[in-house]
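Shown next: start.cif, given as mmCIF, C-alpha atoms.
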data_final
loop_
_atom_site.label_atom_id
_atom_site.label_comp_id
_atom_site.auth_asym_id
_atom_site.auth_seq_id
_atom_site.Cartn_x
_atom_site.Cartn_y
_atom_site.Cartn_z
CA MET N 7 11.93 -27.36 -3.39
CA ASP N 8 8.41 -27.87 -2.19
CA VAL N 9 7.89 -29.49 1.13
CA GLN N 10 6.67 -32.98 0.47
CA CYS N 11 4.75 -33.35 3.67
CA PRO N 12 1.11 -32.31 3.29
CA ALA N 13 0.84 -32.05 7.05
CA LEU N 14 3.22 -29.10 7.02
CA LEU N 15 1.89 -27.10 4.12
CA GLY N 16 -0.12 -24.12 5.27
CA GLN N 17 0.03 -25.25 8.88
CA ARG N 18 1.09 -23.10 11.73
CA TRP N 19 3.99 -24.15 13.82
CA LEU N 20 2.51 -23.67 17.30
CA GLY N 21 5.67 -23.86 19.33
CA ALA N 22 8.32 -21.20 19.17
CA PRO N 23 11.90 -22.34 18.70
CA GLU N 24 13.81 -22.59 21.96
CA VAL N 25 17.07 -20.85 22.42
CA GLY N 26 20.01 -23.24 22.49
CA LYS N 27 18.07 -26.04 20.91
CA ASN N 28 18.73 -26.64 17.28
CA VAL N 29 16.26 -29.43 16.88
CA TRP N 30 13.25 -27.42 15.81
CA ALA N 31 13.95 -27.57 12.12
CA GLN N 32 15.20 -31.11 12.51
CA ALA N 33 11.98 -32.05 14.25
CA ILE N 34 9.98 -30.76 11.31
CA THR N 35 11.76 -33.00 8.86
CA GLU N 36 11.82 -36.04 11.11
CA GLU N 37 8.13 -35.76 11.77
CA CYS N 38 6.99 -36.72 8.34
CA LEU N 39 9.95 -37.32 6.08
CA PRO N 40 12.49 -40.12 6.14
CA PRO N 41 16.00 -38.88 6.78
CA PRO N 42 18.10 -37.63 5.13
CA THR N 43 15.44 -35.97 2.97
CA PRO N 44 16.33 -32.32 2.59
CA VAL N 45 13.49 -29.89 3.05
CA CYS N 46 13.40 -26.33 1.90
CA LEU N 47 11.93 -24.58 4.89
CA CYS N 48 11.12 -21.51 2.83
CA SER N 49 7.88 -23.22 1.92
CA VAL N 50 7.05 -23.58 5.59
CA PHE N 51 8.38 -20.33 6.98
CA LEU N 52 7.03 -18.44 4.04
CA ARG N 53 3.62 -18.57 5.51
CA LEU N 54 4.53 -17.99 9.14
CA SER N 55 4.93 -14.70 10.85
CA SER N 56 5.90 -13.76 14.33
CA MET N 57 2.18 -13.66 15.08
CA GLU N 58 1.77 -17.21 13.69
CA ARG N 59 -0.58 -16.06 10.99
CA PRO N 60 0.08 -16.92 7.39
CA LEU N 61 1.64 -14.08 5.46
CA THR N 62 0.24 -12.76 2.24
CA VAL N 63 2.57 -13.80 -0.57
CA LEU N 64 3.23 -11.77 -3.69
CA ARG N 65 4.67 -14.03 -6.33
CA VAL N 66 6.46 -11.68 -8.69
CA SER N 67 7.76 -12.81 -12.06
CA LEU N 68 10.12 -10.45 -13.86
CA HIS N 69 11.28 -10.24 -17.45
CA HIS N 70 13.36 -7.79 -19.38
CA PRO N 71 14.13 -8.39 -23.07
CA THR N 72 17.70 -7.05 -22.82
CA PRO N 73 18.83 -7.31 -19.25
CA GLY N 74 22.27 -6.10 -18.34
CA PRO N 75 24.57 -8.03 -16.01
CA ALA N 76 23.41 -5.89 -13.09
CA THR N 77 19.71 -5.53 -13.92
CA PHE N 78 18.56 -8.12 -11.42
CA ALA N 79 21.69 -8.28 -9.29
CA ASN N 80 19.96 -6.79 -6.24
CA VAL N 81 16.77 -8.80 -6.47
CA PRO N 82 16.56 -11.35 -3.67
CA PRO N 83 14.69 -14.64 -4.08
CA GLN N 84 12.44 -13.61 -1.24
CA LEU N 85 11.72 -10.45 0.67
CA GLU N 86 9.62 -9.97 3.76
CA HIS N 87 8.22 -6.48 4.15
CA ASP N 88 6.11 -4.66 6.71
CA THR N 89 2.92 -2.77 5.93
CA SER N 90 4.66 0.31 4.58
CA PRO N 91 4.71 0.81 0.80
CA LEU N 92 7.15 -1.42 -1.04
CA LEU N 93 9.23 0.75 -3.35
CA VAL N 94 10.30 -0.43 -6.78
CA GLY N 95 13.00 1.51 -8.56
CA ARG N 96 16.62 2.10 -9.31
CA GLY N 97 17.51 4.04 -6.18
CA PRO N 98 19.26 2.82 -3.04
CA ASP N 99 16.13 3.09 -0.92
CA ALA N 100 14.07 0.94 -3.26
CA HIS N 101 13.07 -2.39 -1.72
CA LEU N 102 12.98 -4.03 -5.14
CA ARG N 103 16.04 -2.56 -6.84
CA LEU N 104 16.28 -2.95 -10.57
CA GLN N 105 19.29 -1.53 -12.34
CA LEU N 106 17.82 0.00 -15.45
CA PRO N 107 18.88 3.43 -16.72
CA ARG N 108 15.34 4.29 -17.82
CA LEU N 109 13.90 3.42 -14.45
CA SER N 110 13.28 6.16 -11.92
CA ARG N 111 14.92 5.93 -8.52
CA ARG N 112 11.44 5.50 -7.10
CA HIS N 113 9.35 4.24 -9.96
CA LEU N 114 6.32 2.74 -8.30
CA SER N 115 5.11 1.48 -4.96
CA LEU N 116 3.00 -1.44 -3.83
CA GLU N 117 1.14 -0.38 -0.74
CA PRO N 118 -0.76 -2.82 1.46
CA TYR N 119 -4.02 -1.78 3.01
CA LEU N 120 -7.22 -3.30 4.27
CA GLU N 121 -10.56 -2.92 2.62
CA LYS N 122 -13.33 -1.95 5.01
CA GLY N 123 -14.51 -5.19 6.55
CA GLY N 124 -11.74 -7.13 4.88
CA ALA N 125 -9.47 -9.60 6.63
CA ARG N 126 -6.69 -9.95 4.09
CA LEU N 127 -4.25 -7.39 2.80
CA ALA N 128 -5.08 -5.70 -0.46
CA PHE N 129 -2.50 -3.88 -2.52
CA ASN N 130 -2.45 -0.56 -4.29
CA LEU N 131 0.01 0.21 -7.07
CA LYS N 132 1.01 3.86 -7.31
CA VAL N 133 3.22 5.52 -9.89
CA LEU N 134 6.03 7.57 -8.37
CA SER N 135 7.93 8.28 -11.56
CA ARG N 136 7.49 11.77 -12.93
CA LYS N 137 8.84 10.91 -16.36
CA GLY N 138 7.83 7.32 -16.96
CA TYR N 139 4.50 5.60 -16.92
CA VAL N 140 3.34 2.23 -15.71
CA TRP N 141 1.02 -0.06 -17.61
CA VAL N 142 -1.19 -2.07 -15.25
CA ASN N 143 -3.77 -4.62 -16.39
CA GLY N 144 -4.50 -2.71 -19.56
CA LEU N 145 -4.43 0.78 -18.11
CA THR N 146 -1.66 3.34 -18.40
CA LEU N 147 -0.92 5.12 -15.17
CA ARG N 148 1.12 8.28 -14.83
CA PHE N 149 2.70 10.17 -11.98
CA LEU N 150 0.71 9.84 -8.71
CA GLU N 151 -2.03 7.78 -10.32
CA GLN N 152 -2.85 4.54 -8.61
CA MET N 153 -5.05 1.52 -8.77
CA PRO N 154 -5.82 -1.51 -6.62
CA LEU N 155 -4.31 -4.79 -7.69
CA SER N 156 -6.27 -7.92 -8.50
CA THR N 157 -5.28 -11.47 -7.69
CA VAL N 158 -3.16 -11.68 -10.84
CA ASN N 159 -1.69 -8.56 -12.38
CA ARG N 160 0.26 -7.64 -15.47
CA VAL N 161 2.55 -4.67 -15.01
CA ALA N 162 5.01 -3.11 -17.45
CA PHE N 163 7.40 -0.19 -17.03
CA SER N 164 10.67 0.93 -18.59
CA GLY N 165 10.92 -2.23 -20.65
CA MET N 166 10.34 -4.41 -17.62
CA GLN N 167 7.50 -6.88 -17.48
CA MET N 168 6.19 -7.96 -14.16
CA VAL N 169 3.42 -10.38 -13.27
CA VAL N 170 2.23 -10.20 -9.70
CA HIS N 171 0.19 -13.00 -8.24
CA ILE N 172 -1.28 -12.31 -4.80
CA GLU N 173 -1.90 -15.19 -2.44
CA GLY N 174 -3.80 -13.82 0.54
CA GLY N 175 -2.78 -14.56 4.10
CA THR N 176 -4.31 -13.28 7.33
CA SER N 177 -1.28 -11.60 8.84
CA LEU N 178 -1.58 -7.82 9.04
CA GLU N 179 2.01 -7.38 10.19
CA ALA N 180 3.89 -8.10 7.01
CA PHE N 181 3.84 -9.75 3.63
CA VAL N 182 6.35 -11.65 1.56
CA CYS N 183 7.48 -11.19 -2.02
CA CYS N 184 8.89 -14.15 -3.92
CA PHE N 185 10.78 -13.16 -7.04
CA GLN N 186 11.43 -15.24 -10.10
CA LEU N 187 13.07 -14.25 -13.37
CA SER N 188 11.77 -15.26 -16.75
CA PRO N 189 13.97 -15.45 -19.84
CA SER N 190 10.82 -15.24 -21.97
CA PRO N 191 8.27 -12.46 -22.24
CA LEU N 192 5.52 -12.62 -19.68
CA ILE N 193 3.07 -10.31 -21.37
CA TYR N 194 2.23 -10.09 -25.04
CA ARG N 195 -0.60 -7.73 -25.56
CA LEU N 196 -0.44 -4.55 -23.54
CA GLN N 197 -3.18 -2.35 -24.93
CA ALA N 198 -6.47 -2.03 -23.11
CA GLU N 199 -9.02 -4.40 -24.54
CA GLU N 200 -12.73 -4.80 -24.48
CA THR N 201 -12.48 -8.40 -23.32
CA ASP N 202 -10.81 -9.76 -20.26
CA GLU N 203 -8.78 -12.46 -21.93
CA TRP N 204 -5.51 -13.14 -20.17
CA GLU N 205 -2.29 -12.96 -22.11
CA ILE N 206 -0.08 -14.22 -19.35
CA ILE N 207 2.23 -16.97 -20.46
CA PRO N 208 1.91 -19.98 -18.17
CA GLN N 209 5.15 -20.65 -16.43
CA LYS N 210 6.31 -24.19 -15.92
CA GLN N 211 7.09 -24.94 -12.29
CA PRO N 212 10.59 -26.26 -11.66
CA PRO N 213 10.45 -30.06 -11.36
CA SER N 214 10.95 -31.56 -7.91
CA GLY N 215 14.36 -32.97 -7.23
CA SER N 216 16.03 -30.46 -9.45
CA GLY N 217 18.46 -29.67 -6.69
CA LYS N 218 18.91 -27.00 -4.11
CA GLN N 219 19.46 -23.47 -5.28
CA ALA N 220 22.27 -21.53 -3.81
CA PRO N 221 21.17 -18.88 -1.36
CA GLY N 222 20.54 -15.60 -3.08
CA HIS N 223 20.12 -17.21 -6.46
CA LEU N 224 17.04 -16.33 -8.37
CA GLY N 225 15.50 -19.17 -10.30
CA PHE N 226 14.79 -18.72 -13.97
CA LEU N 227 11.46 -19.84 -15.26
CA ASP N 228 11.56 -22.31 -18.11
CA SER N 229 10.51 -21.34 -21.59
CA PRO N 230 6.75 -21.46 -21.97
CA SER N 231 7.08 -23.25 -25.30
CA GLN N 232 7.76 -26.45 -23.43
CA PRO N 233 4.65 -28.22 -22.31
CA ARG N 234 4.24 -28.38 -18.61
CA PRO N 235 4.33 -31.96 -17.39
CA GLY N 236 1.57 -33.33 -15.34
CA GLY N 237 -1.40 -31.35 -16.50
CA ALA N 238 -2.91 -28.04 -17.43
CA PRO N 239 -1.14 -24.78 -16.78
CA GLU N 240 -1.88 -23.08 -13.55
CA ILE N 241 -3.37 -20.11 -15.39
CA GLN N 242 -5.72 -20.80 -18.23
CA LEU N 243 -5.28 -18.36 -21.06
CA GLN N 244 -5.72 -17.88 -24.72
CA ARG N 245 -2.40 -17.76 -26.39
CA GLU N 246 -2.42 -15.36 -29.30
CA PRO N 247 0.24 -14.56 -31.81
CA PRO N 248 2.30 -11.80 -30.30
CA ASP N 249 1.66 -8.30 -31.57
CA GLY N 250 5.06 -7.48 -30.30
CA ALA N 251 6.21 -7.57 -26.76
CA LEU N 252 6.65 -4.38 -24.86
CA CYS N 253 10.01 -2.87 -25.70
CA MET C 16 15.89 41.00 -19.43
CA SER C 17 15.45 40.91 -15.71
CA SER C 18 15.51 37.68 -13.79
CA PHE C 19 11.86 38.22 -12.97
CA GLU C 20 10.93 38.13 -16.63
CA ASP C 21 13.14 35.13 -17.38
CA ALA C 22 12.16 33.05 -14.41
CA ASP C 23 10.02 29.93 -14.77
CA THR C 24 6.35 30.42 -14.27
CA GLU C 25 5.41 29.68 -10.70
CA GLU C 26 2.68 27.22 -10.04
CA THR C 27 0.23 27.41 -7.23
CA VAL C 28 0.61 24.62 -4.73
CA THR C 29 -2.02 22.38 -3.20
CA CYS C 30 -2.29 23.21 0.47
CA LEU C 31 -3.86 21.16 3.24
CA GLN C 32 -4.90 23.38 6.11
CA MET C 33 -5.22 21.50 9.36
CA THR C 34 -6.81 23.09 12.40
CA VAL C 35 -6.19 20.98 15.47
CA TYR C 36 -7.80 20.83 18.84
CA HIS C 37 -7.16 18.81 21.98
CA PRO C 38 -8.69 19.65 25.38
CA GLY C 39 -5.37 19.21 27.19
CA HIS C 40 -2.99 20.82 24.71
CA GLN C 41 -2.05 23.71 26.96
CA GLN C 42 -1.19 21.61 29.99
CA ASN C 43 0.54 18.71 28.31
CA GLY C 44 2.49 20.26 25.46
CA ILE C 45 1.26 17.67 23.02
CA PHE C 46 1.60 20.03 20.09
CA GLN C 47 5.03 21.21 21.16
CA SER C 48 6.67 19.80 18.06
CA ILE C 49 4.21 21.38 15.63
CA ARG C 50 5.09 24.66 13.95
CA PHE C 51 1.79 26.46 13.68
CA PHE C 52 0.96 28.95 10.97
CA ASN C 53 3.92 27.75 8.95
CA ARG C 54 3.42 26.40 5.45
CA GLU C 55 5.69 23.41 5.05
CA LYS C 56 6.52 22.37 1.51
CA LEU C 57 6.62 18.64 0.84
CA LEU C 58 7.18 16.42 -2.16
CA SER C 59 3.92 15.30 -3.69
CA SER C 60 5.02 11.66 -3.56
CA GLU C 61 5.68 11.83 0.19
CA VAL C 62 3.65 9.72 2.60
CA VAL C 63 3.16 12.04 5.57
CA LYS C 64 2.84 10.25 8.89
CA PHE C 65 1.37 11.60 12.09
CA GLY C 66 2.01 10.05 15.48
CA ARG C 67 4.19 9.78 18.56
CA ASN C 68 7.38 8.44 16.99
CA SER C 69 9.64 11.30 15.93
CA ASN C 70 11.83 8.98 13.85
CA THR C 71 9.09 7.88 11.53
CA CYS C 72 6.50 10.64 11.77
CA HIS C 73 6.69 13.94 10.03
CA TYR C 74 4.34 15.50 12.57
CA MET C 75 4.67 14.38 16.12
CA PHE C 76 2.28 14.54 19.04
CA ARG C 77 3.85 14.32 22.47
CA ASP C 78 1.22 12.11 23.98
CA LYS C 79 1.62 8.51 25.11
CA GLN C 80 -1.99 7.86 24.21
CA VAL C 81 -1.14 8.49 20.57
CA SER C 82 0.08 5.52 18.57
CA ARG C 83 3.64 5.55 17.31
CA VAL C 84 2.17 6.05 13.87
CA GLN C 85 -1.45 7.15 14.18
CA PHE C 86 -2.42 7.93 10.62
CA SER C 87 -0.91 8.91 7.30
CA LEU C 88 -1.80 11.22 4.47
CA GLN C 89 -0.64 11.04 0.91
CA LEU C 90 -1.48 12.69 -2.37
CA PHE C 91 -2.65 10.94 -5.45
CA LYS C 92 -4.08 11.95 -8.77
CA LYS C 93 -7.44 10.70 -9.92
CA PHE C 94 -7.75 9.62 -13.52
CA ASP C 95 -8.72 12.47 -15.80
CA SER C 96 -8.29 15.02 -13.07
CA SER C 97 -5.89 17.91 -13.09
CA VAL C 98 -5.88 18.42 -9.33
CA LEU C 99 -4.42 16.30 -6.59
CA SER C 100 -6.44 14.52 -3.94
CA PHE C 101 -5.53 13.34 -0.46
CA GLU C 102 -5.92 9.87 0.91
CA ILE C 103 -5.98 9.21 4.65
CA LYS C 104 -5.06 5.87 6.18
CA ASN C 105 -5.41 4.69 9.76
CA MET C 106 -2.11 3.24 10.94
CA SER C 107 -3.18 2.55 14.53
CA LYS C 108 -4.12 -0.92 15.69
CA LYS C 109 -5.68 0.41 18.88
CA THR C 110 -7.67 3.45 17.86
CA ASN C 111 -10.10 3.89 15.02
CA LEU C 112 -9.96 7.02 12.94
CA ILE C 113 -13.18 8.88 12.26
CA VAL C 114 -13.47 10.96 9.12
CA ASP C 115 -16.72 12.86 9.32
CA ASN C 116 -19.13 9.96 9.89
CA LYS C 117 -16.91 7.19 8.56
CA GLU C 118 -14.85 5.04 10.88
CA LEU C 119 -11.57 3.63 9.66
CA GLY C 120 -9.98 0.62 11.28
CA TYR C 121 -6.34 -0.43 11.09
CA LEU C 122 -4.98 -0.04 7.54
CA ASN C 123 -8.33 1.17 6.25
CA LYS C 124 -8.04 4.17 3.99
CA MET C 125 -10.29 6.57 2.15
CA ASP C 126 -10.20 9.65 -0.01
CA LEU C 127 -10.10 12.72 2.16
CA PRO C 128 -13.10 14.95 1.50
CA HIS C 129 -12.37 18.48 0.43
CA LYS C 130 -13.24 19.64 3.92
CA CYS C 131 -13.75 17.26 6.77
CA LEU C 132 -13.36 16.61 10.46
CA VAL C 133 -10.93 13.87 11.44
CA ARG C 134 -11.00 12.51 14.97
CA PHE C 135 -9.31 9.94 17.15
CA GLY C 136 -9.42 9.87 20.92
CA ASP C 137 -9.71 13.47 22.12
CA TYR C 138 -8.00 14.83 19.02
CA GLN C 139 -9.94 16.81 16.44
CA PHE C 140 -8.56 17.95 13.10
CA LEU C 141 -10.44 20.14 10.71
CA MET C 142 -8.82 19.50 7.33
CA GLU C 143 -9.44 21.62 4.30
CA LYS C 144 -7.72 21.31 0.94
CA LYS C 145 -6.91 24.31 -1.21
CA ASP C 146 -6.26 23.16 -4.77
CA GLY C 147 -3.11 24.11 -6.63
CA GLU C 148 -1.53 23.52 -10.01
CA SER C 149 1.74 21.94 -9.03
CA LEU C 150 2.16 18.17 -9.24
CA GLU C 151 5.61 18.33 -7.69
CA PHE C 152 4.93 19.80 -4.28
CA PHE C 153 2.22 20.45 -1.78
CA GLU C 154 2.01 22.24 1.52
CA ILE C 155 0.62 21.55 4.95
CA GLU C 156 -0.25 24.34 7.34
CA PHE C 157 -1.27 23.79 10.94
CA SER C 158 -3.33 26.15 13.02
CA LEU C 159 -4.45 25.72 16.60
CA SER C 160 -7.98 25.98 17.88
CA THR C 161 -8.63 26.62 21.53
CA ARG C 162 -12.22 25.54 21.21
CA PRO C 163 -13.62 22.16 20.21
CA LEU C 164 -14.03 21.91 16.50
CA LEU C 165 -16.93 19.50 16.70
CA GLN C 166 -19.30 21.99 18.24
CA GLU C 167 -17.83 25.04 16.53
CA ASN C 168 -18.51 23.73 13.08
CA ASN C 169 -21.75 22.04 14.08
CA TRP C 170 -20.26 19.14 12.17
CA LEU C 171 -22.65 16.45 13.32
CA PRO C 172 -25.67 18.43 14.43
CA GLN C 173 -27.99 15.46 14.84
CA LYS C 174 -25.50 13.06 16.31
CA HIS C 175 -25.46 12.06 19.93
CA ILE C 176 -21.94 12.10 21.30
CA PRO C 177 -21.35 9.17 23.68
CA GLU C 178 -19.42 9.84 26.88
CA CYS C 179 -16.95 7.02 26.23
CA GLY C 180 -15.45 9.05 23.44
CA SER C 181 -15.69 6.33 20.86
CA TYR C 182 -17.85 6.72 17.89
CA SER C 183 -19.47 4.10 15.80
CA SER C 184 -20.14 4.70 12.19
CA CYS C 185 -23.51 6.10 11.57
CA SER C 186 -25.59 7.23 8.73
CA THR C 187 -27.29 10.56 8.41
CA GLN C 188 -30.28 8.77 7.01
CA ASN C 189 -33.32 8.23 9.16
CA ASN C 190 -33.50 4.52 9.79
CA SER C 191 -36.60 4.48 11.91
CA PRO C 192 -39.59 2.68 10.44
CA ILE C 193 -42.06 4.82 8.58
CA GLU C 194 -45.74 4.28 9.08
CA MET C 195 -47.59 3.74 5.89
CA GLY C 196 -51.25 3.41 5.32
CA GLU C 197 -52.78 0.40 3.67
CA ASN C 198 -53.38 2.29 0.49
CA GLU C 199 -49.84 3.60 0.14
CA TRP C 200 -48.20 0.37 -1.14
#

Let me see the file written as structure tokens.
Amino acid sequence: MDVQCPALLGQRWLGAPEVGKNVWAQAITEECLPPPTPVCLCSVFLRLSSMERPLTVLRVSLHHPTPGPATFANVPPQLEHDTSPLLVGRGPDAHLRLQLPRLSRRHLSLEPYLEKGGARLAFNLKVLSRKGYVWVNGLTLRFLEQMPLSTVNRVAFSGMQMVVHIEGGTSLEAFVCCFQLSPSPLIYRLQAEETDEWEIIPQKQPPSGSGKQAPGHLGFLDSPSQPRPGGAPEIQLQREPPDGALC
Amino acid sequence: MSSFEDADTEETVTCLQMTVYHPGHQQNGIFQSIRFFNREKLLSSEVVKFGRNSNTCHYMFRDKQVSRVQFSLQLFKKFDSSVLSFEIKNMSKKTNLIVDNKELGYLNKMDLPHKCLVRFGDYQFLMEKKDGESLEFFEIEFSLSTRPLLQENNWLPQKHIPECGSYSSCSTQNNSPIEMGENEW
């Protein structure tokens, strides 16, 4: 649930919580919301780090056309990670573990780095799978090939579709991944094109007041066929008849 | 048929030869953990870290002035290339890494030139890549130099070396104004 208090969004909490005092979180809610309004503090803490700088957030949407019962079982709703490469794969040391037989144990990595003169983390996607390939923003990458990610990225591998949206923060200590599952395809056209038209399906945001999610539960995105209430989709795109989603 | 004739064809392996120098290496044992003149075989997907922390670094320098993780090297493959390339990344918040004339700050990275001089603090590394065919493995081989590499290779012949030991990025181009006559515009 989004925090309803504009004063809190994107703000730094200047005081550290004091040991033995459990009023810190309570103080946040009492400051600008009438009790007993519940507040999901993920929206507040998401952007805080131990250094009190907002963390870069990778919003990752995942879709598989035929997921098994365990495909996404190990995917947390949220994952904070340091500046080492974030591993995606089937293996036990993968940070984003996806249980797919066609997926390599270490399939790809997302590595944060800083551009010369830059202040926000940039990310590099590198293919670690010897057998598979990874399709990224229209390009097919093979073993040890890599490319920098843009603000919004379409990625496909082993039947999995992944859209990664990067929201830059200034912390250089860590970044956060927020994962959401989509029952519908995220990417339609996967071949490289001459134009830069997006084929990302806009995802409807869950309505406010829909209720708290249980810890560890990944939210499913609603079908894109339903119009999003309240205005235009977050991502403008040209919706074309599908050529056929990636297998 | 003999096993020699049946065996899989061997591939040559990319090798990164690193010659290191530090003025105090003999007194302080900073390279004590390094096996010199030994080719170590590593997976091509490995991110090789260099620094003071033996738990996280593949190659360790016993020196408190070295960051726990000072820098890292990893292989990657350029599009439409059959050989592997190295990428170097500065992992130290305190010390900049100098690759030839380029200065890398924290989390900055760059493609490692085929042959280059990498420096931080009093450490000097002459790195040279020998290309190989294999995409699966690569090798690193350390050798020790008892003389400074900077002067020996005449790496920066026109560069003034400041006494503080820190280097700012510089260009080999001549940036001084050029006198031109009125008729030369």

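Distance criterion 6 Å to chain C, applied with all atoms listed in the file, yields N:Tyr119, N:Leu120, N:Glu121, N:Leu150, N:Glu151 on chain N.
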
**OP:** Determine the residue set returned by the PyMOL selection byres ((chain C and resi 41-52) around 10) for the present structure, and present it as a ChimeraX atom specification.
**Re:** /C:32-40,53-55,67,69,73-79,81,155-159,161

Original post:
Once the PyMOL selection byres ((chain C and resi 146) around 6) has been applied to the shown file, what residues remain in the selection, as a PyMOL selection string?
Top reply: chain C and resi 29+145+147

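Remark: for C:Asp126, the closest of the candidate residues C:Lys109, C:Arg162, C:Lys64, C:Lys144 is C:Lys144 (distances computed over all atoms listed in the file).
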
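Shortest atom-to-atom contact with N:Phe129 among N:Ile172, N:Leu68, N:Cys183, N:Ala79: N:Ile172, counting all atoms listed in the file.
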
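From atom CA of N:Val140 back to atom CA of N:Val182, the distance works out to 22.4 Å.
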
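The gap separating atom CA of N:Ala128 from atom CA of C:Leu58 is 25.3 Å, in Å to one decimal.
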
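Going from atom CA of N:Val63 over to atom CA of N:Ser190, you cover 23.0 Å.
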
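Evaluating the PyMOL selection byres ((chain N and resi 177) around 6) against the shown model yields Arg59, Pro60, Leu61, Gly175, Thr176, Leu178 and Glu179 of chain N.
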
**OP:** Compare N:Phe185, N:Pro83, N:Thr89, N:Leu134 by their minimum atom-to-atom distance to C:Val84, counting all atoms listed in the file, and give me the closest one.
**Re:** N:Thr89

Original post:
Neighbours of N:Ser90 within 9 Å (all atoms listed in the file; same-chain residues fewer than 5 positions away dropped), as a ChimeraX atom specification?
Top reply: /N:116-118,180

**OP:** Show which residues sit within 10 Å of C:Leu165, as a count of residues only. Count all atoms listed in the file, and ignore same-chain residues fewer than 6 positions away.
**Re:** 10

Quick one: stretch 160-174 of chain N with N, CA and C atoms, as an mmCIF file, keeping the file's coordinate frame?
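Output (rebuild-v2.cif):
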data_model
loop_
_atom_site.group_PDB
_atom_site.id
_atom_site.type_symbol
_atom_site.label_atom_id
_atom_site.label_comp_id
_atom_site.auth_asym_id
_atom_site.auth_seq_id
_atom_site.Cartn_x
_atom_site.Cartn_y
_atom_site.Cartn_z
ATOM 1 N N ARG N 160 -0.778 -7.857 -14.482
ATOM 2 C CA ARG N 160 0.260 -7.640 -15.470
ATOM 3 C C ARG N 160 0.723 -6.185 -15.364
ATOM 4 N N VAL N 161 2.003 -6.002 -15.209
ATOM 5 C CA VAL N 161 2.550 -4.670 -15.010
ATOM 6 C C VAL N 161 3.754 -4.512 -15.930
ATOM 7 N N ALA N 162 3.856 -3.367 -16.571
ATOM 8 C CA ALA N 162 5.010 -3.110 -17.450
ATOM 9 C C ALA N 162 5.488 -1.690 -17.251
ATOM 10 N N PHE N 163 6.816 -1.520 -17.224
ATOM 11 C CA PHE N 163 7.400 -0.190 -17.030
ATOM 12 C C PHE N 163 8.853 -0.251 -17.459
ATOM 13 N N SER N 164 9.269 0.779 -18.181
ATOM 14 C CA SER N 164 10.670 0.930 -18.590
ATOM 15 C C SER N 164 11.246 -0.334 -19.214
ATOM 16 N N GLY N 165 10.460 -1.009 -20.018
ATOM 17 C CA GLY N 165 10.920 -2.230 -20.650
ATOM 18 C C GLY N 165 10.788 -3.465 -19.775
ATOM 19 N N MET N 166 10.480 -3.279 -18.539
ATOM 20 C CA MET N 166 10.340 -4.410 -17.620
ATOM 21 C C MET N 166 8.925 -4.935 -17.662
ATOM 22 N N GLN N 167 8.805 -6.249 -17.619
ATOM 23 C CA GLN N 167 7.500 -6.880 -17.480
ATOM 24 C C GLN N 167 7.436 -7.577 -16.132
ATOM 25 N N MET N 168 6.333 -7.413 -15.502
ATOM 26 C CA MET N 168 6.190 -7.960 -14.160
ATOM 27 C C MET N 168 4.785 -8.544 -14.024
ATOM 28 N N VAL N 169 4.726 -9.786 -13.579
ATOM 29 C CA VAL N 169 3.420 -10.380 -13.270
ATOM 30 C C VAL N 169 3.391 -10.613 -11.773
ATOM 31 N N VAL N 170 2.361 -10.109 -11.142
ATOM 32 C CA VAL N 170 2.230 -10.200 -9.700
ATOM 33 C C VAL N 170 1.012 -11.038 -9.365
ATOM 34 N N HIS N 171 1.259 -12.103 -8.657
ATOM 35 C CA HIS N 171 0.190 -13.000 -8.240
ATOM 36 C C HIS N 171 0.071 -12.910 -6.723
ATOM 37 N N ILE N 172 -1.095 -12.516 -6.241
ATOM 38 C CA ILE N 172 -1.280 -12.310 -4.800
ATOM 39 C C ILE N 172 -1.965 -13.515 -4.178
ATOM 40 N N GLU N 173 -1.319 -14.084 -3.194
ATOM 41 C CA GLU N 173 -1.900 -15.190 -2.440
ATOM 42 C C GLU N 173 -2.169 -14.674 -1.036
ATOM 43 N N GLY N 174 -3.439 -14.480 -0.704
ATOM 44 C CA GLY N 174 -3.800 -13.820 0.540
ATOM 45 C C GLY N 174 -3.486 -14.638 1.776
#
